[in-house]
Amino acid sequence: MNTTQFLNSTTPLRRPPRRLRPPFDVDDVASLDSLQPDETADQWHVRRHADRVTALLEPLDGIELGEHDRRVIEWLSNQDNSVVGTVASLLYRARAVDGAW
């Protein structure tokens, strides 16, 4: 994570996030929310779910996760982008306060 991303990831959200990853307040040009011309709706759902899981796991890098932790992350990844982005932002900010970044 570069310095700009780090600083943006530690800024409290004043409105719903526009992205799942820092910077949270910038429109996501490369959004995975669009169905690609060569994929089915099922493929799109799988791809979007995997991206949401990854977005939640990234700020937890280096933290040991148990089976229950992973089940909750899976559950959270089924929520809308606003929820996933907000939780990811909270995780980044908690890590920053802890000095882990």
# chains A, B, ... in the order shown; residues from 1 in each chain; ligands from 1

$ residues_around --residues "stretch 16-20 of chain A" --least-positions-apart "2" --cutoff "10 Å" --atoms "only C-alpha atoms" --output "PyMOL selection string"
chain A and resi 13-14+22-31+51-52+54-56+81-89

$ write_last_selection --atoms "N, CA, C and O atoms" --output "CSV table (one decimal), in the first residue's frame"
chain,number,residue,atom,x,y,z
A,13,LEU,N,-15.1,7.6,7.2
A,13,LEU,CA,-16.0,7.8,6.1
A,13,LEU,C,-17.1,8.8,6.6
A,13,LEU,O,-17.7,8.6,7.6
A,14,ARG,N,-17.4,9.7,5.7
A,14,ARG,CA,-18.5,10.7,6.0
A,14,ARG,C,-19.7,10.3,5.1
A,14,ARG,O,-20.8,11.0,5.3
A,22,PRO,N,-9.0,1.1,-0.4
A,22,PRO,CA,-8.6,2.5,-0.4
A,22,PRO,C,-8.1,2.9,-1.9
A,22,PRO,O,-7.6,2.1,-2.6
A,23,PRO,N,-8.4,4.1,-2.2
A,23,PRO,CA,-9.1,5.2,-1.5
A,23,PRO,C,-10.6,4.9,-1.6
A,23,PRO,O,-11.1,4.8,-2.7
A,24,PHE,N,-11.3,5.0,-0.5
A,24,PHE,CA,-12.7,4.6,-0.4
A,24,PHE,C,-13.6,5.7,-1.0
A,24,PHE,O,-14.7,5.4,-1.3
A,25,ASP,N,-13.1,7.0,-1.1
A,25,ASP,CA,-13.9,8.1,-1.5
A,25,ASP,C,-13.8,8.4,-3.0
A,25,ASP,O,-14.3,9.4,-3.5
A,26,VAL,N,-13.1,7.5,-3.8
A,26,VAL,CA,-12.9,7.8,-5.2
A,26,VAL,C,-13.7,6.7,-6.0
A,26,VAL,O,-13.8,5.5,-5.6
A,27,ASP,N,-14.4,7.2,-7.1
A,27,ASP,CA,-15.1,6.2,-7.9
A,27,ASP,C,-14.2,5.2,-8.4
A,27,ASP,O,-13.1,5.4,-8.8
A,28,ASP,N,-14.7,3.9,-8.4
A,28,ASP,CA,-14.0,2.8,-8.8
A,28,ASP,C,-14.2,2.6,-10.3
A,28,ASP,O,-15.2,2.0,-10.8
A,29,VAL,N,-13.2,3.0,-11.1
A,29,VAL,CA,-13.3,2.9,-12.6
A,29,VAL,C,-13.2,1.5,-13.0
A,29,VAL,O,-13.9,1.1,-13.9
A,30,ALA,N,-12.5,0.6,-12.3
A,30,ALA,CA,-12.3,-0.8,-12.7
A,30,ALA,C,-13.3,-1.6,-11.8
A,30,ALA,O,-12.9,-2.7,-11.4
A,31,SER,N,-14.5,-1.2,-11.7
A,31,SER,CA,-15.4,-1.9,-10.8
A,31,SER,C,-15.7,-3.3,-11.4
A,31,SER,O,-15.9,-3.5,-12.6
A,51,ASP,N,-14.1,-11.1,-5.1
A,51,ASP,CA,-13.5,-9.8,-4.9
A,51,ASP,C,-13.8,-9.2,-3.6
A,51,ASP,O,-13.0,-8.6,-2.9
A,52,ARG,N,-15.1,-9.4,-3.1
A,52,ARG,CA,-15.5,-8.8,-1.8
A,52,ARG,C,-14.8,-9.6,-0.7
A,52,ARG,O,-14.4,-8.9,0.3
A,54,THR,N,-11.8,-10.9,-0.9
A,54,THR,CA,-10.5,-10.5,-0.9
A,54,THR,C,-10.4,-9.1,-0.3
A,54,THR,O,-9.4,-8.8,0.5
A,55,ALA,N,-11.3,-8.2,-0.6
A,55,ALA,CA,-11.3,-6.8,0.0
A,55,ALA,C,-11.4,-6.8,1.5
A,55,ALA,O,-10.8,-6.0,2.2
A,56,LEU,N,-12.1,-7.8,2.0
A,56,LEU,CA,-12.2,-7.9,3.5
A,56,LEU,C,-11.0,-8.6,4.1
A,56,LEU,O,-10.6,-8.3,5.3
A,81,ASN,N,-22.0,-3.4,-1.6
A,81,ASN,CA,-20.7,-2.7,-1.6
A,81,ASN,C,-20.5,-1.7,-0.5
A,81,ASN,O,-19.4,-1.6,0.1
A,82,SER,N,-21.6,-1.0,-0.1
A,82,SER,CA,-21.5,-0.1,1.0
A,82,SER,C,-21.1,-0.7,2.3
A,82,SER,O,-20.2,-0.2,3.0
A,83,VAL,N,-21.7,-1.8,2.6
A,83,VAL,CA,-21.4,-2.5,3.8
A,83,VAL,C,-19.9,-3.1,3.8
A,83,VAL,O,-19.1,-2.9,4.7
A,84,VAL,N,-19.6,-3.8,2.7
A,84,VAL,CA,-18.3,-4.4,2.6
A,84,VAL,C,-17.2,-3.3,2.6
A,84,VAL,O,-16.2,-3.4,3.3
A,85,GLY,N,-17.4,-2.2,1.9
A,85,GLY,CA,-16.4,-1.1,1.8
A,85,GLY,C,-16.3,-0.5,3.2
A,85,GLY,O,-15.2,-0.1,3.6
A,86,THR,N,-17.4,-0.3,3.9
A,86,THR,CA,-17.3,0.3,5.3
A,86,THR,C,-16.6,-0.6,6.2
A,86,THR,O,-15.7,-0.1,7.0
A,87,VAL,N,-16.9,-1.9,6.2
A,87,VAL,CA,-16.2,-2.8,7.1
A,87,VAL,C,-14.7,-2.9,6.7
A,87,VAL,O,-13.8,-2.8,7.6
A,88,ALA,N,-14.3,-2.9,5.5
A,88,ALA,CA,-12.9,-2.9,5.1
A,88,ALA,C,-12.2,-1.6,5.6
A,88,ALA,O,-11.1,-1.7,6.1
A,89,SER,N,-12.9,-0.5,5.4
A,89,SER,CA,-12.4,0.8,5.9
A,89,SER,C,-12.1,0.7,7.4
A,89,SER,O,-11.1,1.2,7.9

$ residues_around --residues "A:Arg47" --least-positions-apart "3" --cutoff "12 Å" --atoms "only C-alpha atoms" --output "list in words"
Ser31, Leu32, Asp33, Ser34, Leu35, Gln36, Glu39, Thr40, Ala41, Asp42, Gln43, Trp44, Ala50, Asp51, Arg52, Val53, Thr54 and Ser77 of chain A

$ atom_distance --atom1 "atom CA of A:Trp75" --atom2 "atom CA of A:Arg15"
22.8 Å

$ atom_distance --atom1 "atom CA of A:Ile63" --atom2 "atom CA of A:Val46"
25.0 Å
